[in-house]
Amino acid sequence: TFARRYRLTTYADAARGTITPAGTTWHEYDAEVTVAAAPLHEGYLFVEFDGDLRGAENPQSIIMDSDKNVWAVFSDSCRLTTSVEGEGAISSSPESFVAKGSQVVITATAAENWAFHAWGGDVLLSGNPLKFIIEEDTEVIAIFKRVFTLTTEVSPADQNPGKVEPTGTSYWKEETEVVITAEAHKNFIFSYWSGISEGIFDNPTTVTMDENKTVTAQFLKANTLTITISTPGRGY
């Protein structure tokens, strides 16, 4: 009695990679055969198996219950290099190889008291997550900036002399220029800003966020001057 045997034929572009077992091999009925693919070098990337074995898992097993044909599909690869400027993390390893023409998705996550600012390197975009089609070796830099607080107040606070925009405590990325405006209430006038060194008499004024800052709008009570003009009568 002879056991049934089936033919497994594998194919690969020899200029890009290899597949094992290679060529044509014979296997007993119901045998489980492991098929593996390997690119020749970093310039190529294994994409998937095709034919009677499918998917990107590598290696994979195939059950020999009939003659089988399997192709190993390879693609040109691109080197993706990533790094971080500032304090934060990204969802990509520092260096990897990606199939040319595929979509790359990278997410940036800022550390505490930092904020994502923009992408640098070869991809000058601002969206997060970053999405692009890779066609060549690409460097991506995630740029984070520190976050500072700007607190605005009014004085004398117990007399409700006016208001300031932005109001209270707000959060701004490093080097942001924030315009603050004081508005006096009835019977008060704006006098000057305390807590800053430039533009203290300007209203509105601009504050550059290079540290946490508290800026107070100083108001003065407006004095009321009443002038009465009387016209004397003519005498005869």
# chains A, B, ... in the order shown; residues from 1 in each chain; ligands from 1
>>> select_by_dssp(residues="chain A", states="strand (DSSP E)", output="ChimeraX atom specification")
/A:5-12,17-20,24-28,31-39,44-51,60-64,68-85,88-90,95-99,103-106,108-110,114-121,130-133,138-155,162-165,168-173,177-184,188-194,205-208,213-221
>>> write_last_selection(atoms="C-alpha atoms", output="short mmCIF file (atom, residue, chain, number, x, y, z; two decimals), in the first residue's frame")
data_model
loop_
_atom_site.label_atom_id
_atom_site.label_comp_id
_atom_site.auth_asym_id
_atom_site.auth_seq_id
_atom_site.Cartn_x
_atom_site.Cartn_y
_atom_site.Cartn_z
CA ARG A 5 1.64 12.21 -1.64
CA TYR A 6 1.01 15.76 -2.82
CA ARG A 7 3.16 18.36 -4.49
CA LEU A 8 3.98 21.72 -2.88
CA THR A 9 5.38 24.26 -5.35
CA THR A 10 6.67 27.59 -4.05
CA TYR A 11 7.63 30.73 -5.95
CA ALA A 12 9.59 33.88 -5.09
CA GLY A 17 13.87 37.21 -1.51
CA THR A 18 13.67 33.49 -0.84
CA ILE A 19 11.00 30.99 0.18
CA THR A 20 11.43 27.65 1.95
CA THR A 24 8.78 21.61 -5.72
CA THR A 25 8.67 19.23 -2.78
CA TRP A 26 6.49 16.16 -2.10
CA HIS A 27 4.65 15.52 1.14
CA GLU A 28 2.40 12.82 2.55
CA ALA A 31 1.22 16.60 6.45
CA GLU A 32 1.72 20.04 8.02
CA VAL A 33 4.45 21.96 6.23
CA THR A 34 5.97 25.22 7.46
CA VAL A 35 6.53 27.83 4.75
CA ALA A 36 8.85 30.77 5.43
CA ALA A 37 9.93 33.80 3.39
CA ALA A 38 12.96 36.06 3.81
CA PRO A 39 13.93 39.24 1.91
CA TYR A 44 13.12 44.61 0.33
CA LEU A 45 10.29 43.65 2.62
CA PHE A 46 8.12 40.54 2.81
CA VAL A 47 4.49 41.55 2.25
CA GLU A 48 2.38 38.38 2.20
CA PHE A 49 1.87 34.86 0.95
CA ASP A 50 -0.45 34.31 -2.00
CA GLY A 51 -2.00 31.31 -3.74
CA GLN A 60 2.92 29.91 8.22
CA SER A 61 1.82 26.28 8.09
CA ILE A 62 -0.04 24.62 5.23
CA ILE A 63 -1.88 21.26 5.32
CA MET A 64 -1.08 19.02 2.36
CA LYS A 68 -0.52 23.35 -3.42
CA ASN A 69 1.06 26.46 -4.95
CA VAL A 70 2.38 29.29 -2.79
CA TRP A 71 3.91 32.64 -3.79
CA ALA A 72 6.00 34.84 -1.51
CA VAL A 73 5.31 38.49 -2.30
CA PHE A 74 8.03 41.05 -1.65
CA SER A 75 8.04 44.85 -1.93
CA ASP A 76 10.65 47.57 -2.10
CA SER A 77 11.15 48.95 1.39
CA CYS A 78 11.78 52.43 2.76
CA ARG A 79 13.73 53.26 5.91
CA LEU A 80 11.62 55.16 8.45
CA THR A 81 13.68 56.99 11.07
CA THR A 82 11.93 58.72 13.97
CA SER A 83 13.04 60.90 16.88
CA VAL A 84 11.63 63.30 19.48
CA GLU A 85 12.46 66.96 20.18
CA GLY A 88 7.11 63.15 24.74
CA ALA A 89 6.82 59.82 22.96
CA ILE A 90 5.75 58.49 19.56
CA GLU A 95 14.23 52.86 12.94
CA SER A 96 12.12 50.48 10.87
CA PHE A 97 11.59 49.35 7.30
CA VAL A 98 8.21 49.91 5.70
CA ALA A 99 6.80 48.70 2.38
CA GLN A 103 0.44 54.26 4.67
CA VAL A 104 2.39 55.23 7.78
CA VAL A 105 0.51 56.28 10.92
CA ILE A 106 2.44 57.77 13.87
CA ALA A 108 2.62 61.64 19.33
CA THR A 109 1.94 61.72 23.08
CA ALA A 110 3.22 64.65 25.14
CA TRP A 114 4.37 69.60 27.51
CA ALA A 115 2.25 69.77 24.35
CA PHE A 116 2.67 68.37 20.86
CA HIS A 117 3.62 71.21 18.50
CA ALA A 118 4.38 69.91 15.00
CA TRP A 119 6.17 67.32 12.91
CA GLY A 120 9.63 67.99 11.51
CA GLY A 121 12.25 66.24 9.44
CA LEU A 130 0.48 61.78 11.42
CA LYS A 131 -0.63 59.91 8.28
CA PHE A 132 1.28 59.78 5.01
CA ILE A 133 2.21 57.47 2.14
CA THR A 138 11.94 59.31 5.49
CA GLU A 139 12.93 61.00 8.74
CA VAL A 140 10.15 62.10 11.10
CA ILE A 141 10.70 64.30 14.16
CA ALA A 142 7.95 64.85 16.72
CA ILE A 143 8.36 68.34 18.19
CA PHE A 144 7.01 69.04 21.67
CA LYS A 145 6.95 72.37 23.48
CA ARG A 146 6.62 73.14 27.17
CA VAL A 147 3.27 74.41 28.45
CA PHE A 148 3.22 77.46 30.71
CA THR A 149 0.36 79.02 32.69
CA LEU A 150 -0.74 82.61 32.32
CA THR A 151 -2.77 83.93 35.24
CA THR A 152 -4.41 87.34 34.93
CA GLU A 153 -5.73 89.37 37.86
CA VAL A 154 -7.12 92.82 38.58
CA SER A 155 -6.27 95.30 41.35
CA GLY A 162 -12.46 95.93 35.57
CA LYS A 163 -11.66 92.72 33.74
CA VAL A 164 -8.87 91.16 31.70
CA GLU A 165 -8.93 88.91 28.65
CA GLY A 168 -8.05 83.71 35.08
CA THR A 169 -5.57 80.92 34.31
CA SER A 170 -4.92 79.76 30.76
CA TYR A 171 -2.36 77.40 29.24
CA TRP A 172 -0.01 78.27 26.40
CA LYS A 173 2.79 76.58 24.52
CA GLU A 177 2.77 85.53 22.11
CA VAL A 178 -0.45 86.19 24.01
CA VAL A 179 -2.36 89.45 23.68
CA ILE A 180 -3.94 90.57 26.96
CA THR A 181 -6.49 93.36 27.19
CA ALA A 182 -7.78 95.28 30.20
CA GLU A 183 -11.24 96.83 30.29
CA ALA A 184 -12.12 99.29 33.07
CA PHE A 188 -12.20 103.30 37.02
CA ILE A 189 -9.41 103.77 34.52
CA PHE A 190 -6.63 101.37 33.51
CA SER A 191 -3.24 102.46 34.83
CA TYR A 192 -0.55 99.85 34.07
CA TRP A 193 0.38 96.14 34.14
CA SER A 194 2.38 94.55 36.95
CA THR A 205 -0.15 94.41 25.46
CA THR A 206 1.67 91.25 24.40
CA VAL A 207 3.17 88.63 26.73
CA THR A 208 5.70 86.06 25.49
CA LYS A 213 3.43 84.20 34.55
CA THR A 214 0.97 86.17 36.68
CA VAL A 215 -0.01 89.54 35.22
CA THR A 216 -2.15 92.04 37.09
CA ALA A 217 -4.07 94.93 35.55
CA GLN A 218 -3.81 97.91 37.89
CA PHE A 219 -6.79 100.23 37.86
CA LEU A 220 -7.27 103.66 39.46
CA LYS A 221 -10.42 105.21 40.76
#
>>> atom_distance(atom1="CA of Pro166 in chain A", atom2="CA of Asn203 in chain A")
13.1 Å
>>> atom_distance(atom1="CA of Asp122 in chain A", atom2="CA of Ile134 in chain A")
10.8 Å
>>> atom_distance(atom1="CA of Asp137 in chain A", atom2="CA of Thr107 in chain A")
19.0 Å
